[in-house]
Every structure is written in C-alpha cells, then in structure tokens.
file my_file-v2.json (JSON, C-alpha atoms and all ligand atoms)
[["chain", "number", "residue", "atom", "x", "y", "z"],
["A", 1, "THR", "CA", -1.82, 36.34, 3.08],
["A", 2, "THR", "CA", -2.83, 35.67, 6.66],
["A", 3, "ILE", "CA", -3.88, 32.22, 7.78],
["A", 4, "PRO", "CA", -7.28, 32.22, 9.53],
["A", 5, "LEU", "CA", -7.01, 31.52, 13.26],
["A", 6, "ARG", "CA", -8.87, 28.22, 13.10],
["A", 7, "GLU", "CA", -6.49, 26.85, 10.49],
["A", 8, "ARG", "CA", -3.27, 27.94, 12.09],
["A", 9, "ASN", "CA", -0.64, 25.53, 13.31],
["A", 10, "ILE", "CA", -0.40, 25.16, 17.06],
["A", 11, "ILE", "CA", 3.21, 25.66, 18.09],
["A", 12, "LEU", "CA", 4.66, 24.45, 21.38],
["A", 13, "ILE", "CA", 7.77, 26.12, 22.78],
["A", 14, "GLY", "CA", 9.69, 25.84, 26.04],
["A", 15, "PHE", "CA", 12.87, 24.57, 27.62],
["A", 16, "MET", "CA", 14.48, 21.21, 26.87],
["A", 17, "GLY", "CA", 12.64, 18.34, 28.47],
["A", 18, "ALA", "CA", 9.53, 20.38, 29.28],
["A", 19, "GLY", "CA", 7.35, 17.83, 27.52],
["A", 20, "LYS", "CA", 6.71, 19.58, 24.20],
["A", 21, "THR", "CA", 6.76, 16.33, 22.24],
["A", 22, "THR", "CA", 4.58, 14.34, 24.63],
["A", 23, "ILE", "CA", 2.02, 17.11, 24.99],
["A", 24, "GLY", "CA", 2.12, 17.89, 21.25],
["A", 25, "GLN", "CA", 1.26, 14.29, 20.44],
["A", 26, "LEU", "CA", -1.67, 14.39, 22.85],
["A", 27, "VAL", "CA", -2.99, 17.67, 21.45],
["A", 28, "ALA", "CA", -2.72, 16.29, 17.91],
["A", 29, "LYS", "CA", -4.66, 13.18, 18.88],
["A", 30, "LYS", "CA", -7.41, 15.16, 20.58],
["A", 31, "LEU", "CA", -7.84, 17.42, 17.56],
["A", 32, "TYR", "CA", -7.35, 14.66, 14.94],
["A", 33, "ARG", "CA", -4.46, 16.58, 13.46],
["A", 34, "ASP", "CA", -0.92, 15.77, 12.35],
["A", 35, "PHE", "CA", 1.95, 16.23, 14.76],
["A", 36, "ILE", "CA", 5.41, 17.31, 13.67],
["A", 37, "ASP", "CA", 8.33, 17.21, 16.06],
["A", 38, "VAL", "CA", 10.77, 19.63, 14.47],
["A", 39, "ASP", "CA", 13.87, 17.93, 15.91],
["A", 40, "ALA", "CA", 12.71, 14.51, 14.67],
["A", 41, "GLU", "CA", 12.00, 16.01, 11.27],
["A", 42, "ILE", "CA", 15.50, 17.53, 11.15],
["A", 43, "GLU", "CA", 16.99, 14.16, 12.09],
["A", 44, "ARG", "CA", 14.99, 12.47, 9.37],
["A", 45, "ARG", "CA", 15.96, 14.96, 6.68],
["A", 46, "GLN", "CA", 19.61, 15.13, 7.68],
["A", 47, "GLY", "CA", 19.93, 11.40, 8.20],
["A", 48, "MET", "CA", 21.58, 11.75, 11.61],
["A", 49, "SER", "CA", 20.72, 12.40, 15.24],
["A", 50, "ILE", "CA", 20.83, 15.90, 16.75],
["A", 51, "PRO", "CA", 23.96, 15.10, 18.83],
["A", 52, "GLU", "CA", 25.64, 13.80, 15.65],
["A", 53, "LEU", "CA", 24.59, 16.90, 13.78],
["A", 54, "PHE", "CA", 26.06, 19.16, 16.48],
["A", 55, "ALA", "CA", 29.28, 17.13, 16.55],
["A", 56, "GLN", "CA", 29.77, 16.82, 12.80],
["A", 57, "LYS", "CA", 28.38, 20.07, 11.40],
["A", 58, "GLY", "CA", 28.32, 22.38, 14.41],
["A", 59, "GLU", "CA", 25.60, 24.29, 16.19],
["A", 60, "ALA", "CA", 25.46, 27.15, 13.66],
["A", 61, "TYR", "CA", 24.59, 24.70, 10.90],
["A", 62, "PHE", "CA", 21.93, 23.07, 13.09],
["A", 63, "ARG", "CA", 20.40, 26.48, 13.86],
["A", 64, "LYS", "CA", 20.22, 27.35, 10.17],
["A", 65, "VAL", "CA", 18.52, 24.07, 9.26],
["A", 66, "GLU", "CA", 16.18, 24.48, 12.23],
["A", 67, "ARG", "CA", 15.27, 28.06, 11.31],
["A", 68, "GLU", "CA", 14.62, 27.27, 7.65],
["A", 69, "LEU", "CA", 12.47, 24.26, 8.44],
["A", 70, "ILE", "CA", 10.34, 26.13, 10.98],
["A", 71, "VAL", "CA", 9.82, 29.13, 8.71],
["A", 72, "ASP", "CA", 8.83, 26.77, 5.90],
["A", 73, "LEU", "CA", 6.41, 24.80, 8.09],
["A", 74, "CYS", "CA", 4.87, 27.97, 9.52],
["A", 75, "THR", "CA", 4.35, 29.49, 6.12],
["A", 76, "ASN", "CA", 3.32, 26.45, 4.10],
["A", 77, "THR", "CA", 1.39, 24.14, 6.38],
["A", 78, "ARG", "CA", -1.86, 24.48, 8.30],
["A", 79, "LEU", "CA", -3.78, 22.66, 11.00],
["A", 80, "LYS", "CA", -0.69, 20.92, 12.37],
["A", 81, "ILE", "CA", 0.77, 20.67, 15.83],
["A", 82, "LEU", "CA", 4.46, 21.57, 15.89],
["A", 83, "SER", "CA", 6.87, 21.10, 18.75],
["A", 84, "LEU", "CA", 10.04, 23.19, 18.54],
["A", 85, "GLY", "CA", 13.46, 22.41, 19.98],
["A", 86, "GLY", "CA", 14.21, 24.43, 23.10],
["A", 87, "GLY", "CA", 16.62, 26.80, 21.37],
["A", 88, "ALA", "CA", 14.62, 27.49, 18.24],
["A", 89, "TYR", "CA", 12.59, 30.34, 19.65],
["A", 90, "LEU", "CA", 15.71, 32.31, 20.44],
["A", 91, "GLN", "CA", 16.02, 33.08, 16.76],
["A", 92, "GLU", "CA", 14.23, 36.26, 15.74],
["A", 93, "GLU", "CA", 13.15, 34.89, 12.38],
["A", 94, "VAL", "CA", 11.60, 31.84, 14.03],
["A", 95, "ARG", "CA", 9.68, 34.01, 16.50],
["A", 96, "ARG", "CA", 8.41, 36.20, 13.71],
["A", 97, "ALA", "CA", 7.18, 33.28, 11.57],
["A", 98, "CYS", "CA", 5.55, 31.53, 14.54],
["A", 99, "LEU", "CA", 3.73, 34.62, 15.75],
["A", 100, "ALA", "CA", 2.62, 35.66, 12.27],
["A", 101, "HIS", "CA", 1.22, 32.31, 11.19],
["A", 102, "GLY", "CA", 0.68, 30.11, 14.22],
["A", 103, "ILE", "CA", -0.75, 30.00, 17.71],
["A", 104, "VAL", "CA", 2.11, 29.73, 20.18],
["A", 105, "PHE", "CA", 1.97, 28.05, 23.59],
["A", 106, "PHE", "CA", 4.81, 28.31, 26.07],
["A", 107, "LEU", "CA", 5.11, 25.18, 28.21],
["A", 108, "ASP", "CA", 6.55, 26.59, 31.37],
["A", 109, "LEU", "CA", 7.92, 24.94, 34.48],
["A", 110, "SER", "CA", 9.85, 26.23, 37.45],
["A", 111, "TRP", "CA", 13.61, 25.91, 37.66],
["A", 112, "ASP", "CA", 13.39, 23.77, 40.80],
["A", 113, "TYR", "CA", 10.91, 21.39, 39.27],
["A", 114, "TRP", "CA", 12.87, 21.15, 36.03],
["A", 115, "LYS", "CA", 16.17, 20.59, 37.80],
["A", 116, "GLU", "CA", 14.81, 17.77, 39.91],
["A", 117, "GLU", "CA", 12.35, 16.05, 37.62],
["A", 118, "ARG", "CA", 13.53, 16.67, 34.07],
["A", 119, "LEU", "CA", 17.25, 17.36, 33.97],
["A", 120, "PRO", "CA", 18.27, 13.84, 35.06],
["A", 121, "LEU", "CA", 16.24, 12.36, 32.20],
["A", 122, "ILE", "CA", 17.81, 14.41, 29.41],
["A", 123, "VAL", "CA", 21.26, 15.41, 30.58],
["A", 124, "ASP", "CA", 23.04, 12.86, 28.41],
["A", 125, "SER", "CA", 21.05, 13.40, 25.24],
["A", 126, "ARG", "CA", 21.21, 17.16, 24.77],
["A", 127, "PRO", "CA", 24.44, 18.58, 23.33],
["A", 128, "VAL", "CA", 23.61, 22.03, 24.70],
["A", 129, "LEU", "CA", 23.87, 20.68, 28.26],
["A", 130, "LYS", "CA", 27.18, 18.96, 27.65],
["A", 131, "ASN", "CA", 30.10, 20.23, 29.73],
["A", 132, "LYS", "CA", 27.98, 22.84, 31.51],
["A", 133, "THR", "CA", 27.93, 23.29, 35.26],
["A", 134, "LEU", "CA", 24.58, 23.40, 37.02],
["A", 135, "GLU", "CA", 25.03, 27.17, 37.45],
["A", 136, "GLU", "CA", 25.53, 27.58, 33.72],
["A", 137, "VAL", "CA", 22.46, 25.53, 32.96],
["A", 138, "GLU", "CA", 20.49, 27.65, 35.42],
["A", 139, "GLN", "CA", 21.66, 30.79, 33.64],
["A", 140, "LEU", "CA", 20.59, 29.38, 30.30],
["A", 141, "PHE", "CA", 17.19, 28.47, 31.75],
["A", 142, "PHE", "CA", 16.51, 32.03, 32.90],
["A", 143, "GLN", "CA", 17.94, 33.69, 29.82],
["A", 144, "ARG", "CA", 15.62, 31.67, 27.65],
["A", 145, "GLN", "CA", 12.67, 32.21, 29.90],
["A", 146, "SER", "CA", 12.49, 35.83, 28.81],
["A", 147, "ALA", "CA", 12.33, 34.94, 25.11],
["A", 148, "TYR", "CA", 9.70, 32.24, 25.64],
["A", 149, "ALA", "CA", 7.55, 34.40, 27.83],
["A", 150, "LEU", "CA", 6.94, 37.12, 25.23],
["A", 151, "HIS", "CA", 3.51, 37.48, 23.65],
["A", 152, "HIS", "CA", 1.83, 34.15, 24.20],
["A", 153, "SER", "CA", -0.28, 31.81, 26.17],
["A", 154, "ARG", "CA", 1.53, 30.07, 28.95],
["A", 155, "VAL", "CA", 0.74, 26.63, 30.30],
["A", 156, "VAL", "CA", 2.33, 26.02, 33.68],
["A", 157, "LEU", "CA", 3.36, 22.39, 33.89],
["A", 158, "ASN", "CA", 4.46, 21.93, 37.49],
["A", 159, "GLU", "CA", 2.07, 19.42, 39.00],
["A", 160, "LEU", "CA", 0.15, 19.10, 35.75],
["A", 161, "GLU", "CA", -0.07, 15.77, 33.96],
["A", 162, "ALA", "CA", 0.71, 15.90, 30.23],
["A", 163, "GLU", "CA", -2.89, 14.92, 29.58],
["A", 164, "GLN", "CA", -4.21, 17.90, 31.56],
["A", 165, "ALA", "CA", -1.82, 20.28, 29.84],
["A", 166, "ALA", "CA", -2.97, 19.03, 26.44],
["A", 167, "GLU", "CA", -6.59, 19.47, 27.48],
["A", 168, "GLN", "CA", -5.92, 23.08, 28.53],
["A", 169, "ILE", "CA", -4.46, 23.84, 25.14],
["A", 170, "VAL", "CA", -7.33, 22.23, 23.28],
["A", 171, "GLU", "CA", -9.90, 24.09, 25.40],
["A", 172, "SER", "CA", -8.19, 27.42, 24.95],
["A", 173, "ILE", "CA", -8.39, 27.34, 21.17],
["A", 174, "LYS", "CA", -12.10, 26.49, 21.02],
["B", 1, "LIG", "C1", 18.10, 22.42, 22.09],
["B", 1, "LIG", "C2", 17.01, 21.65, 22.43],
["B", 1, "LIG", "C3", 16.74, 20.35, 21.82],
["B", 1, "LIG", "C4", 17.37, 20.25, 20.44],
["B", 1, "LIG", "C5", 18.81, 20.61, 20.49],
["B", 1, "LIG", "C6", 19.05, 22.03, 21.03],
["B", 1, "LIG", "C7", 18.29, 23.72, 22.79],
["B", 1, "LIG", "O1", 15.34, 20.13, 21.75],
["B", 1, "LIG", "O2", 16.70, 21.09, 19.53],
["B", 1, "LIG", "O3", 19.46, 19.65, 21.28],
["B", 1, "LIG", "O4", 19.13, 24.54, 22.36],
["B", 1, "LIG", "O5", 17.58, 23.96, 23.79],
["B", 1, "LIG", "P1", 14.40, 19.84, 23.03],
["B", 1, "LIG", "O6", 13.88, 21.15, 23.52],
["B", 1, "LIG", "O7", 13.31, 18.99, 22.48],
["B", 1, "LIG", "O8", 15.21, 19.14, 24.04]]

call {"tool": "encode", "arguments": {"input": "my_file-v2.json", "output": "structure tokens", "more": "lines below"}}
Ligand code: S3P
result
Amino acid sequence: TTIPLRERNIILIGFMGAGKTTIGQLVAKKLYRDFIDVDAEIERRQGMSIPELFAQKGEAYFRKVERELIVDLCTNTRLKILSLGGGAYLQEEVRRACLAHGIVFFLDLSWDYWKEERLPLIVDSRPVLKNKTLEEVEQLFFQRQSAYALHHSRVVLNELEAEQAAEQIVESIK
C-alpha cells in the first residue's frame, strides 16, 4: 500500500553536523508533529551511545540496526519528522524505503562552510571522523554528496539560519 503524500514522514538527510536534528525539531514544532532522531532512537534502544556502539559492536552491526530501524519507521509510521545519521542514506535499502514511503530533504552545505563552521563542533563525537586526515574527510564528503543528491529536494544551508531552513521545508510541502 502506498502512503498518501500528506501523511508521509518527512525525512532529513545530509552530512554529519549539517543540522538535521536541529532543523528536524523545528519542522516538527511548526507542523505539530512528532520528531524522531534515528541516532538517538538507536542509542535508546541499544542502551549505549553511538561511539560506544561502534567501539563495542563494530560499524557493520550499527549499520544493520540503523537500516532495520529506518525501514521499520518508514513502513510503519506516518506524519513524523525523521532525521537520519549521515551514513544511513548510503545503504540501498534505506534509500528505497525512504523514497517509497517518505518525503526526503537533503540538507546541503558546501565543503568550505562545513569544514570551517561544523567540523570543529563534531570532530570528537563522530567515530567515522576518528583517525581520518582532512583529505580523507573531504573525500568522504564528496563521495556521499552523490548519494544524497539523488532524487530529492535540496535545501542549501550556507548562510541560512536553521529557522529559515525549517520554514522552507514546511512551505514546500504545503
Ligand atoms: C555517521 C553519522 C552520525 C552517526 C554515526 C555515523 C556517518 O550521525 O549516525 O556516527 O556515517 O556519517 P550524524 O549525521 O547525525 O552526525
């Protein structure tokens, strides 16, 4: 069965530290809907933080848990705002579920902006960035860009306040 457009979950994707959680919370508030941060939900269900999960169970385990949760949420919930971890959308099954049942927004920012404004804030809290050189992080940024940029609405965040970005999303689904 297909979920009618007006009832679909709104799904926010994009690179680490783009602001998916902040903007997702704002969108949820504006639309009087529930917000689910997928990473926070994984932490809650697994009873440990994402860095702990990576360290104790490994990335492959994390990706499996992440994929199963997103597919479940996409298929079985409606009218929610979901923010996905930055790597989730790289998984084919996640992309398929999101595109089939949700409305996907890519929160985009330029490499230069991200490197200067966002990287310093998150570098210690994201296991994926650990032990990587700046060149390697840059590579990851551009590799992922091509997966994010497929088939959906893009909100360009450079110079945009979170509030304005949220407003754009809300307006565009009316
Ligand atoms: C990851 C991004 C993180 C989190 C995990 C892996 C990634 O989420 O899911 O650390 O591979 O990009 P954020 O995008 O919220 O930082």

call {"tool": "residues_near_point", "arguments": {"input": "my_file-v2.json", "point": "(21.6, 27.7, 31.9)", "cutoff": "12 Å", "atoms": "all atoms listed in the file", "output": "JSON list (two decimals) with C-alpha atoms, keeping the file's coordinate frame"}}
result
[["chain", "number", "residue", "atom", "x", "y", "z"],
["A", 15, "PHE", "CA", 12.87, 24.57, 27.62],
["A", 16, "MET", "CA", 14.48, 21.21, 26.87],
["A", 86, "GLY", "CA", 14.21, 24.43, 23.10],
["A", 87, "GLY", "CA", 16.62, 26.80, 21.37],
["A", 111, "TRP", "CA", 13.61, 25.91, 37.66],
["A", 114, "TRP", "CA", 12.87, 21.15, 36.03],
["A", 115, "LYS", "CA", 16.17, 20.59, 37.80],
["A", 119, "LEU", "CA", 17.25, 17.36, 33.97],
["A", 128, "VAL", "CA", 23.61, 22.03, 24.70],
["A", 129, "LEU", "CA", 23.87, 20.68, 28.26],
["A", 130, "LYS", "CA", 27.18, 18.96, 27.65],
["A", 131, "ASN", "CA", 30.10, 20.23, 29.73],
["A", 132, "LYS", "CA", 27.98, 22.84, 31.51],
["A", 133, "THR", "CA", 27.93, 23.29, 35.26],
["A", 134, "LEU", "CA", 24.58, 23.40, 37.02],
["A", 135, "GLU", "CA", 25.03, 27.17, 37.45],
["A", 136, "GLU", "CA", 25.53, 27.58, 33.72],
["A", 137, "VAL", "CA", 22.46, 25.53, 32.96],
["A", 138, "GLU", "CA", 20.49, 27.65, 35.42],
["A", 139, "GLN", "CA", 21.66, 30.79, 33.64],
["A", 140, "LEU", "CA", 20.59, 29.38, 30.30],
["A", 141, "PHE", "CA", 17.19, 28.47, 31.75],
["A", 142, "PHE", "CA", 16.51, 32.03, 32.90],
["A", 143, "GLN", "CA", 17.94, 33.69, 29.82],
["A", 144, "ARG", "CA", 15.62, 31.67, 27.65],
["A", 145, "GLN", "CA", 12.67, 32.21, 29.90]]

call {"tool": "residues_near_ligand", "arguments": {"input": "my_file-v2.json", "ligand": "ligand LIG 1 (chain B)", "cutoff": "8 Å", "atoms": "all atoms listed in the file", "output": "ChimeraX atom specification"}}
result
/A:13-21,38-39,50-51,83-88,122,125-128

call {"tool": "atom_distance", "arguments": {"input": "my_file-v2.json", "atom1": "atom CA of Cys98 of chain A", "atom2": "atom CA of Arg78 of chain A"}}
result
12.0 Å

call {"tool": "atom_distance", "arguments": {"input": "my_file-v2.json", "atom1": "atom CA of Glu171 of chain A", "atom2": "atom CA of Glu41 of chain A"}}
result
27.3 Å

call {"tool": "residues_around", "arguments": {"input": "my_file-v2.json", "residues": "Ala166 of chain A", "least_positions_apart": "6", "cutoff": "12 Å", "atoms": "only C-alpha atoms", "output": "list in words"}}
result
Ile10, Leu12, Gly19, Lys20, Thr21, Thr22, Ile23, Gly24, Gln25, Leu26, Val27, Ala28, Lys29, Lys30, Leu31, Ile81, Phe105, Leu107, Val155, Val156, Leu157, Leu160, Ser172 and Ile173 of chain A

call {"tool": "residues_near_point", "arguments": {"input": "my_file-v2.json", "point": "(22.7, 21.5, 6.7)", "cutoff": "12 Å", "atoms": "all atoms listed in the file", "output": "list in words"}}
result
Ile42, Glu43, Arg45, Gln46, Gly47, Met48, Ile50, Leu53, Phe54, Gln56, Lys57, Gly58, Glu59, Ala60, Tyr61, Phe62, Arg63, Lys64, Val65, Glu66, Arg67, Glu68 and Leu69 of chain A

call {"tool": "write_last_selection", "arguments": {"input": "my_file-v2.json", "atoms": "C-alpha atoms", "output": "mmCIF file, keeping the file's coordinate frame"}}
result
data_model
loop_
_atom_site.group_PDB
_atom_site.id
_atom_site.type_symbol
_atom_site.label_atom_id
_atom_site.label_comp_id
_atom_site.auth_asym_id
_atom_site.auth_seq_id
_atom_site.Cartn_x
_atom_site.Cartn_y
_atom_site.Cartn_z
ATOM 1 C CA ILE A 42 15.500 17.530 11.150
ATOM 2 C CA GLU A 43 16.990 14.160 12.090
ATOM 3 C CA ARG A 45 15.960 14.960 6.680
ATOM 4 C CA GLN A 46 19.610 15.130 7.680
ATOM 5 C CA GLY A 47 19.930 11.400 8.200
ATOM 6 C CA MET A 48 21.580 11.750 11.610
ATOM 7 C CA ILE A 50 20.830 15.900 16.750
ATOM 8 C CA LEU A 53 24.590 16.900 13.780
ATOM 9 C CA PHE A 54 26.060 19.160 16.480
ATOM 10 C CA GLN A 56 29.770 16.820 12.800
ATOM 11 C CA LYS A 57 28.380 20.070 11.400
ATOM 12 C CA GLY A 58 28.320 22.380 14.410
ATOM 13 C CA GLU A 59 25.600 24.290 16.190
ATOM 14 C CA ALA A 60 25.460 27.150 13.660
ATOM 15 C CA TYR A 61 24.590 24.700 10.900
ATOM 16 C CA PHE A 62 21.930 23.070 13.090
ATOM 17 C CA ARG A 63 20.400 26.480 13.860
ATOM 18 C CA LYS A 64 20.220 27.350 10.170
ATOM 19 C CA VAL A 65 18.520 24.070 9.260
ATOM 20 C CA GLU A 66 16.180 24.480 12.230
ATOM 21 C CA ARG A 67 15.270 28.060 11.310
ATOM 22 C CA GLU A 68 14.620 27.270 7.650
ATOM 23 C CA LEU A 69 12.470 24.260 8.440
#

call {"tool": "atom_distance", "arguments": {"input": "my_file-v2.json", "atom1": "atom CA of Arg8 of chain A", "atom2": "atom CA of Ser146 of chain A"}}
result
24.3 Å

call {"tool": "residues_around", "arguments": {"input": "my_file-v2.json", "residues": "Tyr89 of chain A", "least_positions_apart": "4", "cutoff": "7 Å", "atoms": "all atoms listed in the file", "output": "list of chain:residue names"}}
result
A:Val94, A:Arg95, A:Tyr148

call {"tool": "closest_residue", "arguments": {"input": "my_file-v2.json", "among": "A:Ser49, A:Phe106, A:Glu116, A:Ala97", "to": "Asn76 of chain A", "atoms": "all atoms listed in the file"}}
result
A:Ala97

call {"tool": "closest_residue", "arguments": {"input": "my_file-v2.json", "among": "A:Ala55, A:Ile3, A:Asp72, A:Glu92", "to": "Leu150 of chain A", "atoms": "all atoms listed in the file"}}
result
A:Glu92
